[in-house]
>>> print(open('input-v3.csv').read())   # CSV, C-alpha atoms and all ligand atoms
chain,number,residue,atom,x,y,z
J,164,GLN,CA,-50.4,-10.0,-75.1
J,165,VAL,CA,-50.5,-8.0,-78.4
J,166,LYS,CA,-52.4,-10.4,-80.6
J,167,PRO,CA,-55.9,-9.1,-79.7
J,168,LEU,CA,-54.8,-5.5,-80.7
J,169,TYR,CA,-53.2,-6.8,-83.9
J,170,SER,CA,-56.4,-8.8,-84.7
J,171,GLN,CA,-58.5,-5.7,-84.3
J,172,LEU,CA,-56.3,-3.7,-86.6
J,173,GLN,CA,-56.1,-6.5,-89.2
J,174,CYS,CA,-59.9,-6.8,-89.2
J,175,TYR,CA,-60.5,-3.1,-89.6
J,176,VAL,CA,-58.0,-2.7,-92.4
J,177,ARG,CA,-59.3,-5.8,-94.1
J,178,GLY,CA,-62.8,-4.3,-94.0
J,179,LYS,CA,-61.6,-1.1,-95.7
J,180,LEU,CA,-59.8,-3.1,-98.4
J,181,GLU,CA,-62.9,-5.1,-99.0
J,182,LYS,CA,-64.9,-1.9,-99.7
J,183,LYS,CA,-62.2,-0.7,-102.0
J,184,TYR,CA,-61.8,-4.1,-103.9
J,185,PRO,CA,-65.3,-5.6,-103.7
J,186,GLY,CA,-65.4,-9.4,-104.1
J,187,LYS,CA,-61.7,-9.6,-104.6
J,188,MET,CA,-60.6,-10.4,-101.0
J,189,PRO,CA,-59.8,-14.0,-100.0
J,190,LYS,CA,-62.6,-15.9,-98.2
J,191,ASP,CA,-60.4,-17.1,-95.4
J,192,GLY,CA,-60.2,-13.7,-93.7
J,193,THR,CA,-56.6,-12.9,-94.7
J,194,ILE,CA,-55.3,-9.8,-96.5
J,195,PRO,CA,-53.4,-10.4,-99.7
J,196,ALA,CA,-49.8,-9.5,-98.8
J,197,HIS,CA,-49.1,-7.4,-101.9
J,198,ILE,CA,-51.7,-4.7,-101.3
J,199,THR,CA,-50.4,-3.4,-98.0
J,200,GLY,CA,-47.9,-1.1,-99.8
J,201,ASN,CA,-44.9,-3.0,-98.5
J,202,MET,CA,-43.2,-6.0,-100.1
J,203,TRP,CA,-43.2,-7.9,-96.9
J,204,ALA,CA,-46.5,-6.6,-95.5
J,205,GLN,CA,-44.5,-5.5,-92.5
J,206,ASP,CA,-45.4,-1.9,-92.6
J,207,TRP,CA,-48.9,-0.8,-93.6
J,208,SER,CA,-48.3,3.0,-93.4
J,209,ALA,CA,-49.1,3.3,-97.1
J,210,LEU,CA,-52.7,2.3,-96.4
J,211,TYR,CA,-53.2,5.3,-94.1
J,212,PRO,CA,-55.1,7.4,-96.6
J,213,LEU,CA,-57.5,4.5,-97.0
J,214,VAL,CA,-58.0,3.7,-93.3
J,215,GLN,CA,-57.7,7.1,-91.7
J,216,PRO,CA,-60.3,7.1,-89.0
J,217,PHE,CA,-61.3,10.8,-89.3
J,218,PRO,CA,-60.5,12.1,-92.8
J,219,GLY,CA,-59.8,15.8,-92.8
J,220,VAL,CA,-58.8,15.9,-89.1
J,221,SER,CA,-55.1,16.5,-89.9
J,222,GLY,CA,-52.3,16.0,-87.5
J,223,VAL,CA,-49.1,17.9,-87.3
J,224,ASP,CA,-47.3,18.8,-90.6
J,225,VAL,CA,-43.6,18.6,-89.6
J,226,ASP,CA,-42.6,18.4,-93.3
J,227,ALA,CA,-43.9,21.8,-94.1
J,228,ALA,CA,-42.5,23.4,-90.9
J,229,LEU,CA,-39.0,22.0,-91.6
J,230,LYS,CA,-39.1,23.4,-95.1
J,231,LYS,CA,-40.6,26.7,-94.2
J,232,GLN,CA,-38.1,27.3,-91.4
J,233,LYS,CA,-35.2,26.2,-93.7
J,234,TYR,CA,-33.9,23.5,-91.4
J,235,THR,CA,-30.5,22.4,-92.5
J,236,PRO,CA,-29.3,18.8,-91.9
J,237,GLU,CA,-27.1,20.1,-89.1
J,238,LYS,CA,-30.0,22.0,-87.5
J,239,MET,CA,-32.1,18.8,-87.5
J,240,VAL,CA,-29.3,16.9,-85.8
J,241,ARG,CA,-28.9,19.7,-83.3
J,242,SER,CA,-32.6,19.5,-82.5
J,243,ALA,CA,-32.3,15.8,-81.7
J,244,GLU,CA,-29.1,16.4,-79.7
J,245,ASP,CA,-31.0,19.0,-77.8
J,246,PHE,CA,-33.5,16.4,-76.8
J,247,TYR,CA,-30.9,14.1,-75.3
J,248,LYS,CA,-29.1,17.1,-73.6
J,249,SER,CA,-32.4,18.1,-72.1
J,250,LEU,CA,-32.4,14.8,-70.2
J,251,GLY,CA,-29.0,15.7,-68.8
J,252,MET,CA,-26.9,13.7,-71.3
J,253,PRO,CA,-23.7,15.3,-72.7
J,254,ALA,CA,-23.3,17.3,-75.8
J,255,LEU,CA,-22.1,15.4,-78.9
J,256,PRO,CA,-18.3,15.6,-79.3
J,257,ALA,CA,-17.2,18.2,-81.9
J,258,SER,CA,-15.7,15.3,-83.9
J,259,PHE,CA,-19.2,14.0,-84.4
J,260,PHE,CA,-20.1,17.0,-86.5
J,261,GLU,CA,-16.7,17.1,-88.3
J,262,ARG,CA,-16.7,13.5,-89.3
J,263,SER,CA,-20.3,12.4,-89.7
J,264,GLN,CA,-21.8,12.2,-93.2
J,265,LEU,CA,-25.0,14.2,-92.9
J,266,VAL,CA,-25.7,14.9,-96.6
J,267,ARG,CA,-25.3,12.9,-99.8
J,268,PRO,CA,-21.8,13.6,-101.3
J,269,ARG,CA,-21.9,15.1,-104.7
J,270,ASP,CA,-18.9,13.3,-106.1
J,271,ARG,CA,-19.5,9.6,-105.3
J,272,ASP,CA,-22.1,6.9,-104.7
J,273,VAL,CA,-22.7,6.1,-101.0
J,274,VAL,CA,-25.1,3.9,-99.1
J,275,CYS,CA,-27.6,6.3,-97.7
J,276,HIS,CA,-29.3,3.9,-95.4
J,277,ALA,CA,-29.0,5.6,-92.0
J,278,SER,CA,-26.5,4.1,-89.5
J,279,ALA,CA,-24.6,5.0,-86.4
J,280,TRP,CA,-21.1,4.1,-85.4
J,281,ASP,CA,-18.5,4.2,-82.7
J,282,THR,CA,-15.5,3.9,-85.0
J,283,ASN,CA,-12.8,3.2,-82.3
J,284,LEU,CA,-14.8,2.2,-79.1
J,285,GLU,CA,-13.4,5.4,-77.6
J,286,GLY,CA,-16.0,7.9,-78.5
J,287,ASP,CA,-15.2,8.7,-82.2
J,288,VAL,CA,-18.9,8.5,-82.8
J,289,ARG,CA,-20.5,9.3,-86.2
J,290,ILE,CA,-23.7,8.8,-88.1
J,291,LYS,CA,-24.0,8.3,-91.9
J,292,MET,CA,-27.2,9.6,-93.5
J,293,CYS,CA,-28.3,11.6,-96.4
J,294,ILE,CA,-30.6,14.0,-94.6
J,295,THR,CA,-33.3,15.9,-96.4
J,296,PRO,CA,-35.8,18.2,-94.6
J,297,THR,CA,-38.6,15.7,-94.1
J,298,GLU,CA,-40.4,14.4,-91.0
J,299,GLU,CA,-39.2,10.9,-91.8
J,300,ASP,CA,-35.5,12.0,-91.7
J,301,PHE,CA,-36.1,14.2,-88.7
J,302,ARG,CA,-37.5,11.2,-86.7
J,303,THR,CA,-34.7,8.9,-88.0
J,304,ILE,CA,-32.1,11.2,-86.6
J,305,TYR,CA,-33.6,10.9,-83.1
J,306,HIS,CA,-33.4,7.1,-83.6
J,307,GLU,CA,-29.8,7.1,-84.8
J,308,LEU,CA,-28.7,9.3,-81.8
J,309,GLY,CA,-30.1,6.6,-79.6
J,310,HIS,CA,-27.3,4.3,-80.8
J,311,ILE,CA,-24.8,7.2,-80.5
J,312,TYR,CA,-25.8,8.0,-76.9
J,313,TYR,CA,-25.7,4.3,-76.0
J,314,TYR,CA,-22.1,4.1,-77.3
J,315,LEU,CA,-21.1,7.2,-75.4
J,316,ALA,CA,-22.8,6.0,-72.2
J,317,TYR,CA,-20.8,2.7,-72.1
J,318,ASN,CA,-17.6,4.0,-73.6
J,319,ASN,CA,-15.7,3.6,-70.4
J,320,LEU,CA,-16.5,-0.1,-70.1
J,321,PRO,CA,-14.0,-2.8,-71.5
J,322,PRO,CA,-14.6,-3.3,-75.2
J,323,LEU,CA,-16.3,-6.7,-74.7
J,324,PHE,CA,-19.0,-5.0,-72.6
J,325,GLN,CA,-19.5,-2.1,-75.1
J,326,ALA,CA,-22.8,-3.6,-76.4
J,327,GLY,CA,-26.5,-3.4,-75.8
J,328,ALA,CA,-27.9,-5.3,-72.8
J,329,HIS,CA,-29.3,-7.6,-75.5
J,330,ASP,CA,-29.6,-6.8,-79.1
J,331,GLY,CA,-33.2,-5.6,-78.8
J,332,PHE,CA,-32.1,-2.8,-76.4
J,333,HIS,CA,-29.9,-1.0,-79.0
J,334,GLU,CA,-32.8,-0.6,-81.5
J,335,ALA,CA,-35.2,0.4,-78.7
J,336,ILE,CA,-33.3,3.4,-77.3
J,337,GLY,CA,-33.8,5.8,-80.1
J,338,ASP,CA,-37.3,4.5,-80.8
J,339,THR,CA,-38.2,5.2,-77.1
J,340,VAL,CA,-37.0,8.8,-77.7
J,341,GLN,CA,-39.1,9.0,-80.8
J,342,LEU,CA,-42.2,8.3,-78.8
J,343,ASN,CA,-41.6,11.6,-77.1
J,344,LEU,CA,-42.1,13.6,-80.3
J,345,THR,CA,-45.6,14.4,-79.2
J,346,PRO,CA,-47.6,17.3,-80.7
J,347,ALA,CA,-46.9,19.2,-77.5
J,348,TYR,CA,-43.1,18.7,-77.9
J,349,LEU,CA,-43.2,19.6,-81.5
J,350,HIS,CA,-45.1,22.8,-80.6
J,351,ARG,CA,-42.6,23.6,-77.9
J,352,ILE,CA,-39.7,23.4,-80.4
J,353,GLY,CA,-41.6,25.5,-82.9
J,354,LEU,CA,-42.4,22.8,-85.5
J,355,ALA,CA,-46.1,22.7,-84.9
J,356,GLY,CA,-49.0,24.9,-83.8
J,357,ALA,CA,-50.6,24.6,-80.4
J,358,PRO,CA,-51.8,21.0,-80.0
J,359,LYS,CA,-55.5,20.3,-80.5
J,360,GLU,CA,-57.1,18.5,-77.6
J,361,SER,CA,-59.1,16.5,-80.1
J,362,GLU,CA,-59.9,12.9,-79.5
J,363,LYS,CA,-60.2,12.5,-83.3
J,364,ALA,CA,-56.7,13.8,-83.9
J,365,VAL,CA,-55.4,11.4,-81.2
J,366,ILE,CA,-57.1,8.4,-82.9
J,367,ASN,CA,-55.7,9.4,-86.3
J,368,ALA,CA,-52.2,9.7,-84.9
J,369,GLN,CA,-52.5,6.4,-83.2
J,370,MET,CA,-53.7,4.7,-86.4
J,371,GLN,CA,-50.7,6.1,-88.3
J,372,LEU,CA,-48.3,4.7,-85.6
J,373,ALA,CA,-50.1,1.4,-85.4
J,374,LEU,CA,-49.9,0.8,-89.1
J,375,GLU,CA,-46.1,0.9,-88.6
J,376,LYS,CA,-45.5,-0.5,-85.1
J,377,ILE,CA,-48.5,-2.9,-84.5
J,378,ALA,CA,-48.6,-4.2,-88.1
J,379,PHE,CA,-44.9,-5.1,-87.7
J,380,LEU,CA,-45.2,-7.3,-84.6
J,381,PRO,CA,-46.3,-10.6,-86.1
J,382,PHE,CA,-43.8,-10.2,-89.0
J,383,GLY,CA,-41.0,-9.4,-86.5
J,384,LYS,CA,-41.8,-12.6,-84.6
J,385,LEU,CA,-42.1,-15.0,-87.6
J,386,ILE,CA,-38.8,-14.4,-89.3
J,387,ASP,CA,-36.7,-16.0,-86.7
J,388,GLU,CA,-39.3,-18.6,-85.9
J,389,TRP,CA,-39.0,-19.7,-89.5
J,390,ARG,CA,-35.2,-19.5,-89.4
J,391,TRP,CA,-34.9,-21.4,-86.1
J,392,GLY,CA,-37.1,-24.1,-87.7
J,393,VAL,CA,-34.7,-24.4,-90.6
J,394,PHE,CA,-31.7,-24.6,-88.2
J,395,ASP,CA,-33.2,-27.3,-86.0
J,396,GLY,CA,-34.5,-29.3,-88.9
J,397,SER,CA,-38.2,-29.0,-88.0
J,398,ILE,CA,-38.6,-27.2,-91.3
J,399,ALA,CA,-37.2,-29.4,-94.0
J,400,PRO,CA,-35.7,-28.1,-97.3
J,401,GLN,CA,-38.6,-29.5,-99.3
J,402,ASN,CA,-40.9,-27.4,-97.1
J,403,TYR,CA,-39.1,-24.1,-96.9
J,404,ASN,CA,-41.5,-21.9,-98.8
J,405,ALA,CA,-44.7,-23.6,-97.6
J,406,ALA,CA,-43.6,-23.2,-94.0
J,407,TRP,CA,-42.9,-19.6,-94.6
J,408,TRP,CA,-46.4,-18.9,-95.9
J,409,GLN,CA,-47.9,-21.0,-93.1
J,410,LEU,CA,-46.3,-18.6,-90.6
J,411,ARG,CA,-47.2,-15.6,-92.6
J,412,GLN,CA,-50.9,-16.7,-92.5
J,413,LYS,CA,-50.9,-17.8,-88.9
J,414,TYR,CA,-49.4,-14.7,-87.4
J,415,GLN,CA,-49.9,-11.9,-89.9
J,416,GLY,CA,-53.2,-13.0,-91.3
J,417,VAL,CA,-51.9,-12.3,-94.8
J,418,SER,CA,-51.8,-14.6,-97.8
J,419,SER,CA,-49.8,-14.8,-101.0
J,420,PRO,CA,-51.3,-13.0,-103.9
J,421,ILE,CA,-50.7,-16.0,-106.2
J,422,PRO,CA,-50.2,-19.7,-105.5
J,423,ARG,CA,-46.6,-20.4,-104.4
J,424,SER,CA,-44.6,-23.6,-104.6
J,425,GLU,CA,-41.2,-24.9,-103.6
J,426,GLU,CA,-39.9,-23.6,-106.9
J,427,ASP,CA,-40.1,-20.2,-105.1
J,428,PHE,CA,-38.0,-19.1,-102.2
J,429,ASP,CA,-39.9,-16.1,-100.7
J,430,PRO,CA,-38.0,-15.9,-97.4
J,431,GLY,CA,-34.9,-15.0,-99.5
J,432,ALA,CA,-36.6,-11.7,-100.5
J,433,LYS,CA,-36.1,-10.4,-97.0
J,434,TYR,CA,-32.6,-9.0,-96.7
J,435,HIS,CA,-31.9,-10.4,-93.2
J,436,VAL,CA,-32.4,-14.0,-94.3
J,437,PRO,CA,-29.6,-14.3,-96.9
J,438,ALA,CA,-27.5,-11.8,-94.9
J,439,ASN,CA,-27.9,-14.0,-91.8
J,440,THR,CA,-28.9,-11.0,-89.7
J,441,PRO,CA,-30.9,-12.0,-86.6
J,442,TYR,CA,-34.4,-10.5,-86.5
J,443,MET,CA,-35.8,-11.1,-83.1
J,444,ARG,CA,-34.1,-7.9,-82.0
J,445,TYR,CA,-36.6,-5.8,-83.9
J,446,PHE,CA,-39.6,-7.6,-82.4
J,447,LEU,CA,-38.2,-7.2,-78.9
J,448,ALA,CA,-37.3,-3.6,-79.6
J,449,HIS,CA,-40.9,-2.9,-80.5
J,450,ILE,CA,-42.1,-4.3,-77.2
J,451,LEU,CA,-39.3,-2.8,-75.1
J,452,GLN,CA,-39.5,0.8,-76.3
J,453,PHE,CA,-43.0,1.2,-74.8
J,454,GLN,CA,-41.9,-0.5,-71.6
J,455,PHE,CA,-38.9,1.9,-71.4
J,456,GLN,CA,-41.1,4.9,-72.2
J,457,ARG,CA,-43.6,4.0,-69.5
J,458,SER,CA,-40.8,3.8,-66.9
J,459,LEU,CA,-39.3,7.1,-68.0
J,460,CYS,CA,-42.7,8.7,-67.8
J,461,GLU,CA,-43.2,7.3,-64.3
J,462,ALA,CA,-39.8,8.6,-63.3
J,463,ALA,CA,-40.8,12.0,-64.6
J,464,GLY,CA,-43.9,11.9,-62.5
J,465,PHE,CA,-46.3,11.9,-65.5
J,466,SER,CA,-49.7,10.5,-64.7
J,467,GLY,CA,-51.7,11.1,-67.9
J,468,PRO,CA,-52.3,8.7,-70.8
J,469,LEU,CA,-49.0,7.2,-71.9
J,470,ASN,CA,-49.4,8.3,-75.5
J,471,GLU,CA,-49.4,12.0,-74.4
J,472,CYS,CA,-46.2,11.8,-72.3
J,473,SER,CA,-43.0,13.5,-73.4
J,474,VAL,CA,-40.1,13.5,-71.0
J,475,TYR,CA,-38.3,16.3,-72.8
J,476,GLY,CA,-36.3,18.3,-70.3
J,477,ASN,CA,-36.9,15.9,-67.4
J,478,LYS,CA,-33.7,15.2,-65.5
J,479,GLN,CA,-35.1,12.5,-63.3
J,480,ALA,CA,-36.1,10.4,-66.3
J,481,GLY,CA,-32.8,11.2,-68.0
J,482,GLU,CA,-30.8,10.1,-65.0
J,483,LYS,CA,-32.5,6.7,-65.0
J,484,PHE,CA,-32.1,6.3,-68.7
J,485,TRP,CA,-28.4,7.3,-68.7
J,486,ALA,CA,-27.7,4.9,-65.8
J,487,MET,CA,-29.2,2.0,-67.8
J,488,LEU,CA,-27.3,2.9,-71.0
J,489,GLY,CA,-24.1,3.0,-69.0
J,490,LYS,CA,-24.4,-0.6,-68.0
J,491,GLY,CA,-24.0,-1.7,-71.7
J,492,GLY,CA,-23.5,-5.4,-71.9
J,493,SER,CA,-21.7,-5.7,-68.6
J,494,GLN,CA,-24.4,-7.7,-66.7
J,495,PRO,CA,-27.3,-10.0,-67.6
J,496,TRP,CA,-30.0,-8.0,-69.4
J,497,PRO,CA,-32.8,-8.8,-66.9
J,498,LYS,CA,-30.8,-7.0,-64.2
J,499,THR,CA,-30.4,-4.0,-66.5
J,500,LEU,CA,-34.1,-4.1,-67.4
J,501,LYS,CA,-35.0,-4.2,-63.7
J,502,GLU,CA,-32.9,-1.2,-62.9
J,503,LEU,CA,-35.0,0.9,-65.3
J,504,THR,CA,-38.4,-0.7,-65.2
J,505,GLY,CA,-38.5,-2.5,-61.8
J,506,SER,CA,-39.1,-5.8,-63.6
J,507,GLU,CA,-36.9,-8.5,-65.1
J,508,GLN,CA,-39.6,-9.5,-67.6
J,509,MET,CA,-40.1,-8.1,-71.0
J,510,ASP,CA,-43.8,-7.2,-71.0
J,511,ALA,CA,-46.2,-6.0,-73.6
J,512,SER,CA,-48.6,-4.4,-71.3
J,513,ALA,CA,-47.0,-1.0,-71.9
J,514,ILE,CA,-47.6,-1.1,-75.7
J,515,ILE,CA,-51.2,-2.1,-75.0
J,516,ASP,CA,-51.5,0.9,-72.5
J,517,TYR,CA,-50.1,3.2,-75.1
J,518,PHE,CA,-52.5,2.2,-77.8
J,519,ALA,CA,-55.6,2.0,-75.5
J,520,PRO,CA,-57.5,4.8,-77.2
J,521,LEU,CA,-57.1,3.2,-80.6
J,522,LYS,CA,-57.9,-0.3,-79.3
J,523,ARG,CA,-61.2,1.0,-77.8
J,524,TRP,CA,-62.0,2.8,-81.1
J,525,LEU,CA,-61.2,-0.3,-83.2
J,526,GLU,CA,-63.3,-2.5,-81.0
J,527,ALA,CA,-66.3,-0.2,-81.5
J,528,GLN,CA,-65.8,-0.1,-85.3
J,529,ASN,CA,-65.4,-3.9,-85.5
J,530,ALA,CA,-68.4,-4.7,-83.2
J,531,GLY,CA,-70.5,-7.3,-84.9
J,532,LYS,CA,-68.0,-8.0,-87.6
J,533,ASP,CA,-66.7,-11.5,-88.3
J,534,CYS,CA,-63.0,-10.9,-87.3
J,535,GLY,CA,-60.2,-13.4,-87.4
J,536,TRP,CA,-58.8,-15.6,-90.1
J,537,GLN,CA,-58.1,-19.2,-90.9
J,538,GLY,CA,-54.5,-20.2,-90.1
O,601,ZN,ZN,-31.2,1.4,-85.5
>>> encode(input="input-v3.csv", output="structure tokens")
Amino acid sequence: QVKPLYSQLQCYVRGKLEKKYPGKMPKDGTIPAHITGNMWAQDWSALYPLVQPFPGVSGVDVDAALKKQKYTPEKMVRSAEDFYKSLGMPALPASFFERSQLVRPRDRDVVCHASAWDTNLEGDVRIKMCITPTEEDFRTIYHELGHIYYYLAYNNLPPLFQAGAHDGFHEAIGDTVQLNLTPAYLHRIGLAGAPKESEKAVINAQMQLALEKIAFLPFGKLIDEWRWGVFDGSIAPQNYNAAWWQLRQKYQGVSSPIPRSEEDFDPGAKYHVPANTPYMRYFLAHILQFQFQRSLCEAAGFSGPLNECSVYGNKQAGEKFWAMLGKGGSQPWPKTLKELTGSEQMDASAIIDYFAPLKRWLEAQNAGKDCGWQG
């Protein structure tokens, strides 16, 4: 379902890179993996300045607003909490603010990678972050509180059921909420000026999001495809690295910058492989969050383009959301999915809907180009 959109994005980005590095691009239609600005070519956000559809048409500058208004870490967290509360969800417990680590301690080294915890399965919820007043951290807090509100919603279930419906759900909750940080919402909470009704600004914003969320999809799929191949023996030890790069080329349309051999073990450079952390959850979360968002927007009675919907303050959407979260892992996930979306199937039509404006624009830009790659 999502491959056509990914292919359009890959083609457009490749064309821009070719202009920047004339004659240096591989002839097979792939993008060399090391020039996407990310070691795994899983997030192409760093290429935004190069591929920005309408240079000069700037979006919302949340960084500047946070600094100007002297947002403290706690105020940023309160802002995210306010979003969840606006849906009818409870306030965070006082202990959350007493016991969370919101800023980098001055007296010791800590892991600053953001995480969210229910330390006793009874609501002693906390996050661990080193918050600075940036848009990235601001958005990350909304993501982390997704985990926290999931914990709180299923807290009254037996411990074995205190889990996501499947492990893609847990990552998708906060990401769904992040999709609601529209220019209109940011304006409403005082972090942006009145939103411009400009098609160009919409395309720019969609490109920025696509470089993160669409570029990720094939990577998200191939990690476990490679790993399951290793586990079931269809990928033999003497073929580990070659099989890795075959999948990278097939799905991502990227290629290794220099020739690789079985002397190399490139999959090992991805944390989740040596750490034995499942990866399909991230792929599924990327699909699900748009499906969740579409259902919440329907519950809120929103009928415009999906990318413009924010359910901030909508109790009907919040009620459906909270009911789903409260089911935790107590029943098969298709049932839980159906209660929110009306369908037992995970379905990528929502992510396609969401990116419809960008897809139309990319197709027009790529018209007549020789898109696609060997693999
Ligand atoms: Zn997370």
>>> residues_near_point(input="input-v3.csv", point="(-31.9, 17.7, -92.5)", cutoff="8 Å", atoms="all atoms listed in the file", output="list of chain:residue names")
J:Tyr234, J:Thr235, J:Pro236, J:Glu237, J:Lys238, J:Met239, J:Val240, J:Leu265, J:Val266, J:Ile294, J:Thr295, J:Pro296, J:Thr297, J:Asp300, J:Phe301
>>> atom_distance(input="input-v3.csv", atom1="CA of Ala326 (chain J)", atom2="CA of Gln479 (chain J)")
24.1 Å
>>> residues_near_point(input="input-v3.csv", point="(-21.1, 2.3, -72.8)", cutoff="9 Å", atoms="only C-alpha atoms", output="PDB file with C-alpha atoms, in the coordinates of the input")
ATOM      1  CA  LEU J 284     -14.800   2.200 -79.100  1.00  0.00           C
ATOM      2  CA  TYR J 312     -25.800   8.000 -76.900  1.00  0.00           C
ATOM      3  CA  TYR J 313     -25.700   4.300 -76.000  1.00  0.00           C
ATOM      4  CA  TYR J 314     -22.100   4.100 -77.300  1.00  0.00           C
ATOM      5  CA  LEU J 315     -21.100   7.200 -75.400  1.00  0.00           C
ATOM      6  CA  ALA J 316     -22.800   6.000 -72.200  1.00  0.00           C
ATOM      7  CA  TYR J 317     -20.800   2.700 -72.100  1.00  0.00           C
ATOM      8  CA  ASN J 318     -17.600   4.000 -73.600  1.00  0.00           C
ATOM      9  CA  ASN J 319     -15.700   3.600 -70.400  1.00  0.00           C
ATOM     10  CA  LEU J 320     -16.500  -0.100 -70.100  1.00  0.00           C
ATOM     11  CA  PRO J 321     -14.000  -2.800 -71.500  1.00  0.00           C
ATOM     12  CA  PRO J 322     -14.600  -3.300 -75.200  1.00  0.00           C
ATOM     13  CA  PHE J 324     -19.000  -5.000 -72.600  1.00  0.00           C
ATOM     14  CA  GLN J 325     -19.500  -2.100 -75.100  1.00  0.00           C
ATOM     15  CA  ALA J 326     -22.800  -3.600 -76.400  1.00  0.00           C
ATOM     16  CA  GLY J 327     -26.500  -3.400 -75.800  1.00  0.00           C
ATOM     17  CA  LEU J 488     -27.300   2.900 -71.000  1.00  0.00           C
ATOM     18  CA  GLY J 489     -24.100   3.000 -69.000  1.00  0.00           C
ATOM     19  CA  LYS J 490     -24.400  -0.600 -68.000  1.00  0.00           C
ATOM     20  CA  GLY J 491     -24.000  -1.700 -71.700  1.00  0.00           C
ATOM     21  CA  GLY J 492     -23.500  -5.400 -71.900  1.00  0.00           C
TER      22      GLY J 492
END
>>> residues_near_ligand(input="input-v3.csv", ligand="ligand ZN 601 (chain O)", cutoff="9 Å", atoms="all atoms listed in the file", output="VMD selection string")
chain J and resid 277 to 279 303 306 to 307 309 to 310 333 to 338
>>> residues_around(input="input-v3.csv", residues="Lys166 (chain J)", least_positions_apart="4", cutoff="12 Å", atoms="all atoms listed in the file", output="list in words")
Ser170, Gln171, Leu172, Gln173, Cys174, Ile377, Ala378, Phe379, Leu380, Pro381, Lys384, Lys413, Tyr414, Gln415, Gly416, Ala511, Ser512, Ile514, Ile515, Lys522 and Gly535 of chain J
>>> atom_distance(input="input-v3.csv", atom1="CA of Lys501 (chain J)", atom2="CA of Leu447 (chain J)")
15.8 Å
>>> closest_atom_pairs(input="input-v3.csv", of="region 309-374 of chain J", to="region 453-470 of chain J", cutoff="9 Å", atoms="all atoms listed in the file", output="Markdown table")
| residue | atom | partner | partner_atom | distance |
| --- | --- | --- | --- | --- |
| J:Ala335 | CA | J:Phe455 | CA | 8.3 |
| J:Ile336 | CA | J:Phe455 | CA | 8.3 |
| J:Asp338 | CA | J:Phe453 | CA | 8.9 |
| J:Thr339 | CA | J:Gln456 | CA | 5.7 |
| J:Val340 | CA | J:Gln456 | CA | 7.9 |
| J:Leu342 | CA | J:Gln456 | CA | 7.5 |
| J:Asn343 | CA | J:Gln456 | CA | 8.3 |
| J:Thr345 | CA | J:Asn470 | CA | 8.1 |
| J:Val365 | CA | J:Asn470 | CA | 8.8 |
| J:Gln369 | CA | J:Asn470 | CA | 8.5 |
>>> atom_distance(input="input-v3.csv", atom1="CA of Gly353 (chain J)", atom2="CA of Val225 (chain J)")
9.8 Å
>>> residues_around(input="input-v3.csv", residues="region 250-253 of chain J", least_positions_apart="5", cutoff="8 Å", atoms="only C-alpha atoms", output="short mmCIF file (atom, residue, chain, number, x, y, z; two decimals) with C-alpha atoms, keeping the file's coordinate frame")
data_model
loop_
_atom_site.label_atom_id
_atom_site.label_comp_id
_atom_site.auth_asym_id
_atom_site.auth_seq_id
_atom_site.Cartn_x
_atom_site.Cartn_y
_atom_site.Cartn_z
CA VAL J 474 -40.10 13.50 -71.00
CA TYR J 475 -38.30 16.30 -72.80
CA GLY J 476 -36.30 18.30 -70.30
CA ASN J 477 -36.90 15.90 -67.40
CA LYS J 478 -33.70 15.20 -65.50
CA GLN J 479 -35.10 12.50 -63.30
CA ALA J 480 -36.10 10.40 -66.30
CA GLY J 481 -32.80 11.20 -68.00
CA GLU J 482 -30.80 10.10 -65.00
CA TRP J 485 -28.40 7.30 -68.70
#
>>> closest_residue(input="input-v3.csv", among="J:Asn367, J:Ile398, J:Cys534, J:Ile290", to="Arg262 (chain J)", atoms="only C-alpha atoms")
J:Ile290
>>> residues_around(input="input-v3.csv", residues="region 420-435 of chain J", least_positions_apart="5", cutoff="6 Å", atoms="all atoms listed in the file", output="list in words")
Pro195, Asn404 and Thr440 of chain J
>>> closest_residue(input="input-v3.csv", among="J:Ser397, J:Ser361, J:Ser263, J:Ser419", to="Thr199 (chain J)", atoms="all atoms listed in the file")
J:Ser419
>>> residues_around(input="input-v3.csv", residues="Trp389 (chain J)", least_positions_apart="6", cutoff="8 Å", atoms="all atoms listed in the file", output="PyMOL selection string")
chain J and resi 398+406-407+410
>>> closest_residue(input="input-v3.csv", among="J:Pro358, J:Gly192, J:Gly531, J:Gly200", to="Ser418 (chain J)", atoms="only C-alpha atoms")
J:Gly192
>>> closest_residue(input="input-v3.csv", among="J:Ala204, J:Val214, J:Val274, J:Leu349", to="Asp226 (chain J)", atoms="all atoms listed in the file")
J:Leu349
>>> closest_residue(input="input-v3.csv", among="J:Trp203, J:Tyr211, J:Trp408, J:Phe484", to="Lys179 (chain J)", atoms="only C-alpha atoms")
J:Tyr211
>>> closest_residue(input="input-v3.csv", among="J:Asp533, J:Glu298, J:Glu375, J:Glu526", to="Val223 (chain J)", atoms="only C-alpha atoms")
J:Glu298
